[in-house]
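A.B. asks: Contents of input-v6.txt (compact mmCIF, C-alpha atoms and all ligand atoms) are below:
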# COMPACT_ATOMS: atom_id res chain seq x y z
CA MET A 1 0.90 10.09 -7.77
CA ASN A 2 2.88 7.83 -10.15
CA LYS A 3 0.43 5.73 -12.20
CA GLU A 4 3.06 3.66 -14.02
CA PRO A 5 3.25 -0.11 -13.32
CA PRO A 6 5.95 -0.69 -10.67
CA ARG A 7 9.31 -1.39 -12.36
CA SER A 8 10.05 -4.11 -9.80
CA LEU A 9 7.34 -6.18 -11.56
CA ASN A 10 8.72 -5.68 -15.09
CA LYS A 11 9.96 -9.24 -15.33
CA VAL A 12 6.96 -10.85 -13.64
CA LYS A 13 4.86 -12.80 -16.16
CA HIS A 14 1.70 -13.26 -14.08
CA VAL A 15 0.26 -11.53 -11.01
CA ILE A 16 -2.57 -13.27 -9.15
CA LEU A 17 -4.46 -11.72 -6.24
CA VAL A 18 -5.98 -13.91 -3.52
CA LEU A 19 -9.06 -12.26 -1.99
CA SER A 20 -11.69 -13.03 0.61
CA GLY A 21 -14.61 -11.06 1.97
CA LYS A 22 -13.64 -11.83 5.56
CA GLY A 23 -10.71 -13.14 7.57
CA GLY A 24 -10.05 -16.70 8.64
CA VAL A 25 -11.49 -18.50 5.59
CA GLY A 26 -8.06 -19.75 4.48
CA LYS A 27 -6.84 -17.04 2.11
CA SER A 28 -3.23 -17.32 3.32
CA SER A 29 -3.25 -21.11 3.21
CA VAL A 30 -4.64 -21.01 -0.34
CA THR A 31 -1.89 -18.49 -1.28
CA THR A 32 0.74 -20.78 0.26
CA GLN A 33 -0.56 -23.91 -1.44
CA LEU A 34 -0.83 -22.16 -4.80
CA ALA A 35 2.79 -21.00 -4.51
CA LEU A 36 4.04 -24.46 -3.48
CA SER A 37 2.06 -26.19 -6.25
CA LEU A 38 3.30 -23.83 -8.97
CA ALA A 39 6.91 -24.11 -7.71
CA HIS A 40 6.51 -27.88 -7.76
CA LYS A 41 5.74 -27.58 -11.47
CA GLY A 42 9.20 -25.99 -11.90
CA LEU A 43 7.91 -22.41 -12.10
CA LYS A 44 9.55 -19.50 -10.32
CA VAL A 45 7.10 -18.03 -7.83
CA GLY A 46 7.01 -14.99 -5.54
CA VAL A 47 4.56 -14.47 -2.69
CA LEU A 48 3.77 -10.95 -1.53
CA ASP A 49 1.86 -10.72 1.74
CA ILE A 50 0.15 -7.38 2.18
CA ASP A 51 -2.47 -8.60 4.65
CA LEU A 52 -1.85 -5.88 7.21
CA THR A 53 -4.63 -7.15 9.47
CA GLY A 54 -2.67 -10.26 10.41
CA PRO A 55 0.13 -11.37 8.10
CA SER A 56 0.27 -15.16 8.40
CA ILE A 57 2.44 -15.96 5.36
CA PRO A 58 5.78 -15.95 7.29
CA ARG A 59 4.35 -18.57 9.68
CA MET A 60 3.03 -20.70 6.81
CA PHE A 61 6.47 -20.76 5.15
CA GLY A 62 8.31 -21.25 8.46
CA ILE A 63 10.27 -17.98 8.09
CA GLU A 64 8.82 -15.90 10.93
CA ASN A 65 12.28 -14.84 12.12
CA ASN A 66 13.38 -13.55 8.73
CA GLN A 67 14.99 -10.10 8.75
CA VAL A 68 14.35 -7.78 5.81
CA HIS A 69 17.52 -6.98 3.89
CA GLN A 70 17.83 -3.81 1.88
CA SER A 71 19.88 -3.73 -1.32
CA VAL A 72 20.58 -0.69 -3.52
CA ASN A 73 17.61 -1.72 -5.65
CA GLY A 74 15.14 -2.36 -2.82
CA TRP A 75 14.02 -4.97 -0.31
CA VAL A 76 15.33 -8.48 -0.91
CA PRO A 77 12.66 -11.19 -0.53
CA ALA A 78 13.30 -14.30 1.58
CA TYR A 79 14.34 -17.35 -0.45
CA ILE A 80 12.69 -20.54 0.84
CA PRO A 81 15.45 -23.13 1.48
CA ASN A 82 15.97 -26.17 -0.76
CA THR A 83 13.67 -24.94 -3.53
CA GLY A 84 16.38 -24.18 -6.11
CA ASN A 85 15.68 -20.44 -5.62
CA ARG A 86 12.23 -21.01 -7.13
CA LEU A 87 10.24 -19.73 -4.16
CA LEU A 88 10.59 -16.18 -2.78
CA VAL A 89 8.52 -14.49 -0.08
CA MET A 90 8.07 -10.91 1.08
CA SER A 91 5.69 -10.07 3.91
CA ILE A 92 4.59 -7.03 5.82
CA GLY A 93 5.02 -9.37 8.81
CA PHE A 94 8.81 -9.13 8.48
CA LEU A 95 8.57 -5.44 9.29
CA ILE A 96 6.37 -5.81 12.35
CA LYS A 97 8.56 -5.90 15.42
CA ASP A 98 5.91 -7.09 17.85
CA ARG A 99 4.44 -10.05 16.04
CA GLY A 100 1.53 -10.26 18.48
CA ASN A 101 0.13 -7.00 17.09
CA SER A 102 -1.34 -6.49 13.66
CA ILE A 103 -0.85 -3.09 12.08
CA VAL A 104 -3.29 -0.41 13.18
CA TRP A 105 -2.28 2.28 10.71
CA ARG A 106 -4.96 4.44 9.21
CA GLY A 107 -5.98 4.19 5.54
CA PRO A 108 -3.49 6.51 3.78
CA LYS A 109 -0.51 5.04 5.63
CA LYS A 110 -1.67 1.53 4.72
CA THR A 111 -2.03 2.36 1.03
CA SER A 112 1.37 4.04 0.97
CA MET A 113 2.92 0.98 2.63
CA ILE A 114 1.29 -1.26 0.01
CA ARG A 115 2.57 1.02 -2.76
CA GLN A 116 6.08 0.62 -1.34
CA PHE A 117 5.64 -3.14 -1.16
CA LEU A 118 4.58 -3.27 -4.80
CA SER A 119 7.43 -1.12 -6.05
CA ASN A 120 10.36 -1.76 -3.68
CA VAL A 121 10.86 -5.52 -3.66
CA VAL A 122 13.59 -6.91 -5.89
CA TRP A 123 11.74 -9.84 -7.51
CA GLY A 124 13.75 -10.24 -10.69
CA GLU A 125 12.27 -12.74 -13.16
CA LEU A 126 9.17 -14.57 -11.91
CA ASP A 127 6.60 -16.77 -13.61
CA TYR A 128 4.01 -15.94 -10.95
CA LEU A 129 3.64 -13.36 -8.20
CA ILE A 130 0.83 -14.26 -5.82
CA ILE A 131 -0.46 -11.48 -3.61
CA ASP A 132 -2.21 -12.26 -0.31
CA THR A 133 -4.49 -9.25 0.21
CA PRO A 134 -6.26 -7.86 3.31
CA PRO A 135 -9.76 -9.39 3.69
CA GLY A 136 -12.77 -7.11 3.16
CA THR A 137 -14.53 -4.83 0.70
CA SER A 138 -14.60 -1.45 2.48
CA ASP A 139 -13.67 1.94 0.99
CA GLU A 140 -10.18 1.37 2.31
CA HIS A 141 -9.99 -1.82 0.24
CA ILE A 142 -11.02 0.15 -2.83
CA SER A 143 -7.97 2.44 -2.35
CA ILE A 144 -5.79 -0.65 -1.89
CA ALA A 145 -7.31 -2.12 -5.08
CA GLU A 146 -6.36 1.05 -6.97
CA GLU A 147 -2.74 0.43 -5.96
CA LEU A 148 -2.96 -3.24 -6.92
CA LYS A 149 -4.38 -2.37 -10.34
CA LEU A 150 -1.05 -0.68 -11.14
CA ALA A 151 0.54 -4.13 -10.88
CA LYS A 152 -1.66 -5.18 -13.87
CA PRO A 153 -2.83 -8.43 -12.24
CA ASP A 154 -4.19 -11.32 -14.34
CA GLY A 155 -7.09 -11.35 -11.89
CA ALA A 156 -8.25 -12.59 -8.52
CA ILE A 157 -8.99 -15.92 -6.88
CA LEU A 158 -11.84 -15.68 -4.37
CA VAL A 159 -11.66 -17.91 -1.30
CA THR A 160 -14.77 -18.96 0.58
CA THR A 161 -15.97 -21.57 3.07
CA PRO A 162 -19.23 -23.52 2.63
CA GLN A 163 -21.20 -21.59 5.30
CA GLN A 164 -23.83 -19.20 3.99
CA ILE A 165 -22.25 -16.25 5.78
CA SER A 166 -18.98 -16.71 3.93
CA ILE A 167 -20.76 -17.28 0.60
CA ASN A 168 -22.52 -13.94 1.10
CA ASP A 169 -19.14 -12.37 1.69
CA VAL A 170 -17.91 -13.76 -1.63
CA LYS A 171 -20.93 -12.25 -3.39
CA LYS A 172 -19.80 -8.90 -2.00
CA GLU A 173 -16.24 -9.69 -3.07
CA PHE A 174 -17.42 -10.54 -6.58
CA ASN A 175 -19.26 -7.21 -6.82
CA PHE A 176 -16.16 -5.51 -5.43
CA CYS A 177 -14.01 -7.06 -8.20
CA GLU A 178 -16.47 -5.86 -10.83
CA LYS A 179 -16.44 -2.37 -9.35
CA VAL A 180 -12.65 -2.05 -9.22
CA GLY A 181 -12.08 -3.91 -12.50
CA PHE A 182 -10.39 -7.14 -11.36
CA LYS A 183 -11.12 -10.18 -13.49
CA VAL A 184 -12.32 -13.08 -11.29
CA LEU A 185 -10.17 -16.10 -12.14
CA GLY A 186 -12.27 -18.44 -10.02
CA VAL A 187 -13.58 -19.48 -6.63
CA VAL A 188 -11.95 -21.91 -4.19
CA GLU A 189 -14.13 -23.44 -1.47
CA ASN A 190 -11.94 -24.10 1.56
CA MET A 191 -12.78 -26.15 4.67
CA SER A 192 -15.34 -28.10 2.73
CA GLY A 193 -15.61 -31.22 4.88
CA TYR A 194 -13.26 -32.68 7.46
CA VAL A 195 -10.63 -35.35 6.81
CA CYS A 196 -10.42 -37.80 9.74
CA PRO A 197 -6.77 -38.17 10.83
CA HIS A 198 -7.38 -41.85 11.63
CA CYS A 199 -9.10 -43.28 8.58
CA SER A 200 -8.83 -40.33 6.10
CA GLU A 201 -12.61 -40.41 5.58
CA CYS A 202 -13.92 -36.97 4.52
CA THR A 203 -17.12 -35.87 6.30
CA ASN A 204 -19.14 -32.80 5.28
CA ILE A 205 -19.70 -30.82 8.47
CA PHE A 206 -21.46 -27.93 6.76
CA SER A 207 -23.66 -28.13 3.69
CA SER A 208 -21.25 -28.54 0.80
CA GLY A 209 -21.29 -27.15 -2.74
CA GLY A 210 -22.01 -23.50 -1.81
CA GLY A 211 -18.91 -22.25 -3.62
CA LYS A 212 -19.82 -24.24 -6.73
CA SER A 213 -23.41 -23.00 -6.90
CA LEU A 214 -22.23 -19.45 -6.26
CA ALA A 215 -19.74 -19.78 -9.12
CA GLU A 216 -22.52 -21.09 -11.41
CA GLN A 217 -24.83 -18.26 -10.38
CA TYR A 218 -22.20 -15.63 -11.25
CA LYS A 219 -20.86 -17.55 -14.28
CA ILE A 220 -17.34 -17.76 -12.87
CA ASN A 221 -14.97 -20.71 -12.71
CA PHE A 222 -15.27 -23.04 -9.77
CA LEU A 223 -11.64 -24.02 -9.28
CA GLY A 224 -12.25 -26.71 -6.66
CA SER A 225 -12.66 -27.42 -2.97
CA LEU A 226 -10.31 -28.30 -0.11
CA PRO A 227 -11.31 -30.21 3.03
CA ILE A 228 -10.14 -29.26 6.54
CA ASP A 229 -7.13 -31.47 7.03
CA PRO A 230 -5.32 -31.46 10.41
CA SER A 231 -2.20 -32.80 8.68
CA PHE A 232 -1.87 -29.45 6.87
CA ILE A 233 -1.67 -27.60 10.22
CA GLU A 234 0.84 -30.20 11.39
CA LEU A 235 2.93 -29.55 8.27
CA ILE A 236 3.02 -25.81 9.05
CA GLU A 237 3.79 -26.41 12.73
CA THR A 238 6.65 -28.87 12.08
CA ASN A 239 8.08 -26.53 9.46
CA ASN A 240 8.13 -23.74 12.06
CA LYS A 241 9.76 -26.01 14.62
CA SER A 242 12.63 -26.73 12.26
CA GLU A 243 13.17 -22.97 11.80
CA ASN A 244 13.14 -22.36 15.55
CA ARG A 245 15.50 -25.28 16.02
CA ASN A 246 17.79 -23.53 13.60
CA GLN A 247 17.60 -20.25 15.52
CA VAL A 248 18.99 -21.40 18.89
CA ASP A 249 20.81 -18.80 20.95
CA SER A 250 24.36 -18.90 19.71
CA ASN A 251 25.82 -17.36 22.90
CA SER A 252 26.80 -20.59 24.59
CA ASP A 253 29.28 -23.17 23.26
CA LYS A 254 26.73 -25.90 23.84
CA ASN A 255 24.20 -24.08 21.68
CA LYS A 256 26.80 -23.49 18.98
CA ILE A 257 27.42 -27.24 18.79
CA ILE A 258 23.67 -27.97 18.71
CA GLU A 259 23.28 -25.35 15.97
CA LYS A 260 26.00 -26.98 13.87
CA ILE A 261 24.39 -30.41 14.26
CA ASN A 262 20.99 -28.98 13.35
CA ASN A 263 22.34 -27.23 10.26
CA LEU A 264 24.12 -30.39 9.16
CA ASP A 265 20.99 -32.40 9.85
CA LEU A 266 18.87 -29.98 7.77
CA ARG A 267 21.36 -29.91 4.89
CA ASN A 268 21.56 -33.69 4.86
CA LYS A 269 17.80 -34.03 4.78
CA GLN A 270 17.33 -31.44 2.01
CA VAL A 271 13.59 -31.92 2.31
CA SER A 272 12.01 -28.76 1.04
CA LEU A 273 8.62 -27.44 2.05
CA ILE A 274 7.53 -28.19 -1.53
CA ASP A 275 8.40 -31.90 -1.11
CA LYS A 276 6.66 -32.04 2.25
CA TYR A 277 3.55 -30.40 0.80
CA VAL A 278 3.41 -32.70 -2.21
CA ASN A 279 3.20 -35.60 0.26
CA ASN A 280 0.39 -33.89 2.21
CA SER A 281 -3.14 -35.13 1.63
CA LEU A 282 -4.36 -31.65 0.59
CA TYR A 283 -1.99 -31.64 -2.40
CA PRO A 284 -4.11 -33.82 -4.75
CA HIS A 285 -7.08 -31.47 -4.14
CA PHE A 286 -4.94 -28.43 -4.80
CA SER A 287 -3.39 -29.95 -7.86
CA THR A 288 -6.89 -30.05 -9.42
CA ILE A 289 -7.39 -26.40 -8.47
CA VAL A 290 -4.11 -25.41 -10.18
CA ASP A 291 -4.94 -27.44 -13.30
CA ASN A 292 -8.32 -25.68 -13.49
CA LEU A 293 -6.59 -22.34 -13.12
CA LEU A 294 -3.86 -22.99 -15.70
CA LYS A 295 -6.10 -24.49 -18.37
CA HIS A 296 -7.27 -20.97 -19.21
CA ASN A 297 -3.79 -20.17 -20.53
CA ILE A 298 -3.76 -16.51 -19.59
CA PRO A 299 -1.10 -14.75 -21.70
CA PRO A 300 1.78 -13.11 -19.78
CA ARG A 301 1.26 -9.50 -18.70
CA THR A 302 2.23 -6.84 -21.21
CA LEU A 303 3.45 -3.57 -19.74
N1 LIG B 401 -8.08 -26.72 4.51
C1 LIG B 401 -7.51 -26.52 5.69
N2 LIG B 401 -7.18 -27.57 6.49
C2 LIG B 401 -6.62 -27.36 7.69
N3 LIG B 401 -6.35 -26.16 8.20
C3 LIG B 401 -6.65 -25.08 7.47
C4 LIG B 401 -7.24 -25.20 6.18
N4 LIG B 401 -7.44 -23.94 5.69
C5 LIG B 401 -6.98 -23.10 6.63
N5 LIG B 401 -6.53 -23.77 7.71
C6 LIG B 401 -5.98 -23.20 8.95
O1 LIG B 401 -6.92 -22.22 9.42
C7 LIG B 401 -6.25 -21.07 9.93
C8 LIG B 401 -6.73 -19.81 9.18
O2 LIG B 401 -6.32 -19.93 7.82
P1 LIG B 401 -5.65 -18.72 7.03
O3 LIG B 401 -4.66 -17.98 7.89
O4 LIG B 401 -5.19 -19.26 5.74
O5 LIG B 401 -6.93 -17.79 6.82
P2 LIG B 401 -7.02 -16.32 6.23
O6 LIG B 401 -8.30 -16.25 5.48
O7 LIG B 401 -5.78 -15.97 5.52
O8 LIG B 401 -7.12 -15.47 7.55
P3 LIG B 401 -6.66 -13.94 7.73
O9 LIG B 401 -7.25 -13.15 6.66
O10 LIG B 401 -7.18 -13.63 9.10
O11 LIG B 401 -5.14 -13.99 7.65
C9 LIG B 401 -4.77 -21.35 9.78
O12 LIG B 401 -4.24 -21.81 10.99
C10 LIG B 401 -4.68 -22.45 8.72
O13 LIG B 401 -3.56 -23.30 8.90
S1 LIG B 402 -14.03 -41.06 10.31
FE1 LIG B 402 -13.50 -43.18 10.79
S2 LIG B 402 -11.68 -43.16 12.12
FE2 LIG B 402 -12.48 -41.08 11.95
S3 LIG B 402 -13.69 -40.88 13.79
FE3 LIG B 402 -15.08 -41.50 12.17
S4 LIG B 402 -15.09 -43.72 12.23
FE4 LIG B 402 -13.38 -43.06 13.47
Give the structure from the file, written as structure tokens.
C.D. replies:
Amino acid sequence: MNKEPPRSLNKVKHVILVLSGKGGVGKSSVTTQLALSLAHKGLKVGVLDIDLTGPSIPRMFGIENNQVHQSVNGWVPAYIPNTGNRLLVMSIGFLIKDRGNSIVWRGPKKTSMIRQFLSNVVWGELDYLIIDTPPGTSDEHISIAEELKLAKPDGAILVTTPQQISINDVKKEFNFCEKVGFKVLGVVENMSGYVCPHCSECTNIFSSGGGKSLAEQYKINFLGSLPIDPSFIELIETNNKSENRNQVDSNSDKNKIIEKINNLDLRNKQVSLIDKYVNNSLYPHFSTIVDNLLKHNIPPRTL
């Protein structure tokens, strides 16, 4: 097996893995927000979604209907509209025909698919590549980690929720990182409290501060916490609606006219997902998380 770093990542300055011990804690939404926040800072960012258990990145970026294009050099990632070509996404989800089904391949096929994803995407120059990984710490994840190590990542961000069960999962994840040799860049506590859509008051539903005390216990950075905010889900949903609106059946004349109006409407608005996110109430929380991450000034990867 080739143990060289994938050439497709030669011009990528930083690779960050986003990990969680179990599904549903917000790993993909943290990946999405990290990418949007870094792109908002003017950096060029790629997102690679290798969460074969349920790739949710295409939905988060409103590009579920994207088709994968193959160039002579490899797969071409999707460029997110109106971002000045600063935001690129590649997801295993683009290759799944039946989007209702997650991939049920066995271990070796999964690792070989991930190897292809790491080496076959034409990223070009990137400041950051953020990789959304499959949740868990099983033997299969160890083989996946071996593949990911070839990408020479800066390290991993661990995502947790305040409940004890999720905190225990992060402990396992921390031990997993030690075992496979990933540096832990920090912990993000997601769904810490609930923001009321009426008065914006944040209420702690579960006991808060679990992520912070866990980080202290393991002497790792606590990057920050994010409340549950229904407006974030709304942002994702409305973003998807605008894509679907743009994908009307072009068979009838009436639909062709509607499509033209929609395209004109979208061009005129030129509101990118980055702009929408920066106006979302989760952004100030995430901005702190990014500042905490960047203050460590990790030098660019050397290959
Ligand atoms: N802070 C938040 N506020 C509001 N909604 C959130 C927040 N975090 C996550 N969600 C929502 O919760 C759902 C699960 O989040 P997400 O897909 O990011 O989890 P995940 O850990 O990546 O799950 P999986 O590993 O199964 O893909 C999504 O619909 C997402 O929009
Ligand atoms: S947080 Fe404020 S607006 Fe929201 S339900 Fe409670 S009292 Fe009502």
A.B. asks: Which residue gives the smallest distance to A:Glu201 among A:Thr53, A:Asn85, A:Gln70, A:Ser281, with all atoms listed in the file counted?
C.D. replies: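 Residue with the minimum atom-to-atom distance to A:Glu201: A:Ser281.
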A.B. asks: List as a PyMOL selection string the residues having at least one atom at most 6 Å from position (-16.2, -16.4, 7.3) as given in the file, counting only C-alpha atoms.
C.D. replies: chain A and resi 22+25+166
A.B. asks: Using only C-alpha atoms, collect all residues at a distance of at most 8 Å from (-16.6, -18.1, -13.3) as written in the file, then present them as a list in words.
C.D. replies: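 Every polymer residue passing the test: Val184, Leu185, Gly186, Val187, Ala215, Glu216, Tyr218, Lys219, Ile220, Asn221 and Phe222 of chain A.
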A.B. asks: Show me, as a list in words, the residues that have an atom within 9 Å of A:Val121 when counting only C-alpha atoms, minus same-chain residues fewer than 4 positions from it.
C.D. replies: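 What passes the distance filter is Ser8, Leu9, Asn73, Gly74, Trp75, Val76, Pro77, Met90, Gln116 and Phe117 of chain A.
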A.B. asks: Report the closest atom pair, with its distance in Å rounded to one decimal, for each residue of chain A that has an atom no farther than 6 Å from ligand LIG 402 (chain B); count all atoms listed in the file, sort by chain and then rising residue number, and write it as a Markdown table.
C.D. replies:
| residue | atom | partner | partner_atom | distance |
| --- | --- | --- | --- | --- |
| A:Cys196 | CA | B:LIG402 | FE2 | 4.5 |
| A:His198 | CA | B:LIG402 | S2 | 4.5 |
| A:Cys199 | CA | B:LIG402 | S2 | 4.4 |
| A:Glu201 | CA | B:LIG402 | S1 | 5.0 |
A.B. asks: Write as number ranges by chain the residues around ligand LIG 401 (chain B), taking 10 Å as the cut-off and counting only C-alpha atoms and all ligand atoms.
C.D. replies: A: 18-33, 49, 51-57, 59-60, 132-136, 159-161, 189-195, 225-237, 281-282, 285-286
A.B. asks: Neighbours of A:Gln217 within 12 Å (all atoms listed in the file; same-chain residues fewer than 5 positions away dropped), as a count of residues only?
C.D. replies: 8
A.B. asks: Could you tell me which of A:Ile131, A:Ile144, A:Ile298, A:Ile96 comes closest to A:Glu64 if we count all atoms listed in the file?
C.D. replies: A:Ile96
A.B. asks: From the options A:Ala145, A:Ala156, A:Leu88, A:Leu48, which residue's atoms come nearest to A:Leu293, counting only C-alpha atoms?
C.D. replies: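 The shortest atom-to-atom distance to A:Leu293 comes from A:Ala156.
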A.B. asks: Find the distance between atom CA of A:Leu17 and atom CA of A:Thr238 and write it in Å to one decimal.
C.D. replies: 27.4 Å
A.B. asks: Restricting the calculation to only C-alpha atoms, which member of A:Asn240, A:Pro81, A:Met113, A:Leu126 is positioned closest to A:Gly42?
C.D. replies: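 Using only C-alpha atoms, the shortest distance to A:Gly42 belongs to A:Leu126.
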A.B. asks: For a quick check of understanding, using only C-alpha atoms, which of A:Pro6, A:Leu38, A:Pro162, A:Lys152 has the smallest distance to A:Arg115?
C.D. replies: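 When distances to A:Arg115 are compared using only C-alpha atoms, the smallest one comes from A:Pro6.
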A.B. asks: Quick one: distance from atom CA of A:Ile92 to atom CA of A:Cys177 in Å, one decimal?
C.D. replies: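 Interatomic distance here is 23.3 Å.
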A.B. asks: Take every atom of stretch 69-81 of chain A listed in the file, fit an axis-aligned box around them, add 4 Å per side, and give the centre and edge lengths in Å to one decimal as lines of an AutoDock Vina configuration file.
C.D. replies:
center_x = 16.6
center_y = -11.9
center_z = -0.9
size_x = 15.9
size_y = 30.4
size_z = 17.5
A.B. asks: Ranking A:Lys179, A:Arg7, A:Lys172, A:Arg86 by minimum distance to A:Leu118 and counting all atoms listed in the file, which one comes first?
C.D. replies: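 That would be A:Arg7, the residue with the smallest distance to A:Leu118.
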A.B. asks: Suppose you want the space between atom CA of A:Tyr128 and atom CA of A:Val15; what is it in Å?
C.D. replies: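 Atom CA of A:Tyr128 sits 5.8 Å away from atom CA of A:Val15.
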A.B. asks: Could stretch 45-57 of chain A be completed with N, CA and C atoms and written as a PDB file, in the frame of the given file, please?
C.D. replies:
ATOM      1  N   VAL A  45       8.285 -18.645  -8.445  1.00  0.00           N
ATOM      2  CA  VAL A  45       7.100 -18.030  -7.830  1.00  0.00           C
ATOM      3  C   VAL A  45       7.498 -17.088  -6.689  1.00  0.00           C
ATOM      4  N   GLY A  46       6.847 -15.918  -6.665  1.00  0.00           N
ATOM      5  CA  GLY A  46       7.010 -14.990  -5.540  1.00  0.00           C
ATOM      6  C   GLY A  46       5.687 -14.889  -4.801  1.00  0.00           C
ATOM      7  N   VAL A  47       5.773 -14.693  -3.493  1.00  0.00           N
ATOM      8  CA  VAL A  47       4.560 -14.470  -2.690  1.00  0.00           C
ATOM      9  C   VAL A  47       4.733 -13.126  -2.000  1.00  0.00           C
ATOM     10  N   LEU A  48       3.747 -12.257  -2.184  1.00  0.00           N
ATOM     11  CA  LEU A  48       3.770 -10.950  -1.530  1.00  0.00           C
ATOM     12  C   LEU A  48       2.597 -10.880  -0.566  1.00  0.00           C
ATOM     13  N   ASP A  49       2.906 -10.731   0.705  1.00  0.00           N
ATOM     14  CA  ASP A  49       1.860 -10.720   1.740  1.00  0.00           C
ATOM     15  C   ASP A  49       1.620  -9.289   2.191  1.00  0.00           C
ATOM     16  N   ILE A  50       0.473  -8.758   1.761  1.00  0.00           N
ATOM     17  CA  ILE A  50       0.150  -7.380   2.180  1.00  0.00           C
ATOM     18  C   ILE A  50      -1.074  -7.380   3.084  1.00  0.00           C
ATOM     19  N   ASP A  51      -1.332  -8.529   3.734  1.00  0.00           N
ATOM     20  CA  ASP A  51      -2.470  -8.600   4.650  1.00  0.00           C
ATOM     21  C   ASP A  51      -2.064  -7.952   5.975  1.00  0.00           C
ATOM     22  N   LEU A  52      -2.296  -6.632   6.035  1.00  0.00           N
ATOM     23  CA  LEU A  52      -1.850  -5.880   7.210  1.00  0.00           C
ATOM     24  C   LEU A  52      -2.636  -6.225   8.460  1.00  0.00           C
ATOM     25  N   THR A  53      -3.803  -6.850   8.294  1.00  0.00           N
ATOM     26  CA  THR A  53      -4.630  -7.150   9.470  1.00  0.00           C
ATOM     27  C   THR A  53      -4.066  -8.321  10.265  1.00  0.00           C
ATOM     28  N   GLY A  54      -3.230  -9.120   9.686  1.00  0.00           N
ATOM     29  CA  GLY A  54      -2.670 -10.260  10.410  1.00  0.00           C
ATOM     30  C   GLY A  54      -1.866 -11.099   9.432  1.00  0.00           C
ATOM     31  N   PRO A  55      -0.642 -10.647   9.122  1.00  0.00           N
ATOM     32  CA  PRO A  55       0.130 -11.370   8.100  1.00  0.00           C
ATOM     33  C   PRO A  55       0.516 -12.772   8.574  1.00  0.00           C
ATOM     34  N   SER A  56      -0.031 -13.802   7.934  1.00  0.00           N
ATOM     35  CA  SER A  56       0.270 -15.160   8.400  1.00  0.00           C
ATOM     36  C   SER A  56       1.191 -15.919   7.451  1.00  0.00           C
ATOM     37  N   ILE A  57       1.573 -15.281   6.332  1.00  0.00           N
ATOM     38  CA  ILE A  57       2.440 -15.960   5.360  1.00  0.00           C
ATOM     39  C   ILE A  57       3.798 -16.382   5.946  1.00  0.00           C
TER      40      ILE A  57
END
